[in-house]
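Structure, as structure tokens:
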Amino acid sequence: MNRLDVNHINLFSSYHVWEESNRFFFETDYDLKFFVDFSLDESLQSNAYWFNLVNMSGEASPNDKKIWQTVFCIIEEFFHENPDILLYLCSTKGGQQAQRARLFSYWFNKAGQQERYYFKTVEVKGEEPGTKEYVAIIIPRNHPQAEEVLAFFDEETSMFNSMKP
């Protein structure tokens, strides 16, 4: 993955972002600390990275638009430096994965990214019987393999849902 420019992120970010050990941290007005990182996943036909957003404080975050604005500044910088694919798996902590998936979709739409990126969230069977997980893909509309990657994503997520427990 090409290095992200924190100075460029901070030109547009609502919260100050700093980098430590390939993680991008920010702290909110409510004293909540978050980090974002990316990890390579070579299972798709093109380079794909898992996007990870962690609330280090472990406390519920208020309806703070500066959080999603900051997160999407980081995502924008990722795509500025890396013409790749982002995958996102909602944390199952506390059984709140469906809520997290809805919130991330809301953030994506609120950030006005629909014209620049394909964004798809899919519900899949979880590892534990009777549980659901939510996985998403974000890919630039101008990605040369966008249609093939989205088709592969659909096939893979369908496979998870068709597997018997």
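Chain labels run A, B, ... following the order of the structure tokens; each chain numbers its residues from 1, and ligands are numbered from 1 in the order shown.
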Q.
Set the distance at 10 Å and use only C-alpha atoms: which residues neighbour Ala111 in chain A once local chain neighbours fewer than 5 positions away are removed? I'd like the list as a list in words.
A. Lys65, Trp68, Gln69, Val71, Phe72, Cys73, Ser105 and Tyr106 of chain A
Using N, CA and C atoms, can you export the residues from the last selection as a CSV table (one decimal), in the first residue's frame?
```csv
chain,number,residue,atom,x,y,z
A,65,LYS,N,-21.0,14.4,13.4
A,65,LYS,CA,-20.7,14.4,12.0
A,65,LYS,C,-19.2,14.5,11.7
A,68,TRP,N,-17.6,11.0,10.9
A,68,TRP,CA,-17.6,10.4,9.5
A,68,TRP,C,-16.9,11.3,8.5
A,69,GLN,N,-16.9,12.6,8.8
A,69,GLN,CA,-16.1,13.5,7.9
A,69,GLN,C,-14.6,13.2,7.9
A,71,VAL,N,-13.3,10.2,8.9
A,71,VAL,CA,-13.1,8.9,8.4
A,71,VAL,C,-13.1,8.9,6.8
A,72,PHE,N,-13.9,9.7,6.2
A,72,PHE,CA,-14.0,9.8,4.8
A,72,PHE,C,-12.8,10.6,4.2
A,73,CYS,N,-12.2,11.5,5.0
A,73,CYS,CA,-11.0,12.2,4.5
A,73,CYS,C,-9.9,11.1,4.4
A,105,SER,N,-23.2,2.8,6.0
A,105,SER,CA,-23.9,3.2,4.8
A,105,SER,C,-24.4,4.6,4.8
A,106,TYR,N,-24.9,5.0,6.0
A,106,TYR,CA,-25.4,6.3,6.1
A,106,TYR,C,-24.3,7.3,6.0
```
Q) Per DSSP on the backbone, what are the alpha helix (DSSP H) residues of range 68-146 of chain A, as a count of residues only? A) 29
Q) What lies within 10 Å of Glu27 in chain A using only C-alpha atoms, ignoring chain neighbours under 6 positions off, as an MDAnalysis selection string? A) chainID A and resid 15:18 33:35 55:57 67
Go ahead and save the residues from that selection, with C-alpha atoms, as a PDB file, in the first residue's frame.
```pdb
ATOM      1  CA  TYR A  15     -10.518  16.262  13.476  1.00  0.00           C
ATOM      2  CA  HIS A  16      -6.736  16.354  13.591  1.00  0.00           C
ATOM      3  CA  VAL A  17      -5.313  13.035  12.357  1.00  0.00           C
ATOM      4  CA  TRP A  18      -1.903  11.661  13.252  1.00  0.00           C
ATOM      5  CA  LYS A  33     -10.199   8.110  20.453  1.00  0.00           C
ATOM      6  CA  PHE A  34     -10.413   6.257  17.132  1.00  0.00           C
ATOM      7  CA  PHE A  35      -7.969   4.719  14.737  1.00  0.00           C
ATOM      8  CA  ASN A  55     -13.291   3.105  18.712  1.00  0.00           C
ATOM      9  CA  MET A  56     -10.497   2.697  21.243  1.00  0.00           C
ATOM     10  CA  SER A  57     -12.556   4.292  24.008  1.00  0.00           C
ATOM     11  CA  ILE A  67     -16.327  11.456  12.917  1.00  0.00           C
TER      12      ILE A  67
END
```
From the DSSP assignment of the backbone, select every residue of range 66-133 of chain A that is strand (DSSP E), and format the answer as a short mmCIF file (atom, residue, chain, number, x, y, z; two decimals) with C-alpha atoms, in the first residue's frame.
```
data_model
loop_
_atom_site.label_atom_id
_atom_site.label_comp_id
_atom_site.auth_asym_id
_atom_site.auth_seq_id
_atom_site.Cartn_x
_atom_site.Cartn_y
_atom_site.Cartn_z
CA ILE A 85 -10.35 -1.84 -3.34
CA LEU A 86 -11.56 -1.46 0.23
CA LEU A 87 -13.38 -4.17 2.14
CA TYR A 88 -15.10 -3.58 5.44
CA LEU A 89 -16.40 -6.13 7.95
CA TYR A 117 -17.43 4.80 -5.85
CA TYR A 118 -19.41 1.62 -5.99
CA PHE A 119 -20.46 0.72 -2.47
CA LYS A 120 -22.18 -2.51 -1.56
CA THR A 121 -23.01 -4.04 1.82
CA VAL A 122 -24.01 -7.67 2.05
CA GLU A 123 -25.34 -9.69 4.95
CA VAL A 124 -23.65 -13.09 5.29
CA LYS A 125 -23.98 -15.99 7.68
CA LYS A 132 -25.26 -12.53 10.67
CA GLU A 133 -22.23 -10.51 9.67
#
```
Q.
Using only C-alpha atoms, can you tell me which of A:Val149, A:Leu11, A:Val135, A:Val6 comes closest to Thr92 in chain A?
A.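 Ranking A:Val149, A:Leu11, A:Val135, A:Val6 by distance to Thr92 in chain A, first place goes to A:Val135.
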Q) What is the distance, in Å and to one decimal place, between CA of Asp5 in chain A and CA of Glu77 in chain A? A) 7.2 Å
**Q.** Contacts of Asn82 in chain A at 9 Å (only C-alpha atoms; same-chain gap of 5+ positions) as a list in words
**A.**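 With the cut-off at 9 Å, the set is Met1, Asn2, Arg3, Leu4 and Glu77 of chain A.
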Saved selection, atoms kept: C-alpha atoms, as a PDB file, in the first residue's frame:
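Saved as again.pdb:
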```pdb
ATOM      1  CA  MET A   1       0.000   0.000   0.000  1.00  0.00           C
ATOM      2  CA  ASN A   2       1.267   3.439  -0.859  1.00  0.00           C
ATOM      3  CA  ARG A   3       1.800   5.720   2.105  1.00  0.00           C
ATOM      4  CA  LEU A   4      -0.993   8.162   2.969  1.00  0.00           C
ATOM      5  CA  GLU A  77      -6.584   9.847   0.818  1.00  0.00           C
TER       6      GLU A  77
END
```
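We find CA of Thr157 in chain A and CA of Ile138 in chain A to be spaced 14.6 Å apart.
Using only C-alpha atoms, the nearest neighbour of Ala60 in chain A within the list A:Val36, A:His80, A:Gly94, A:Ser162 is A:Gly94.
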Q: Compare A:Glu148, A:Asp37, A:Glu20, A:Glu81 by their minimum atom-to-atom distance to Trp50 in chain A, counting only C-alpha atoms, and give me the closest one.
A: A:Asp37
(Q) One number please: CA of Lys110 in chain A to CA of Asp64 in chain A, in Å, one decimal. (A)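 According to the coordinates, CA of Lys110 in chain A and CA of Asp64 in chain A are separated by 12.5 Å.
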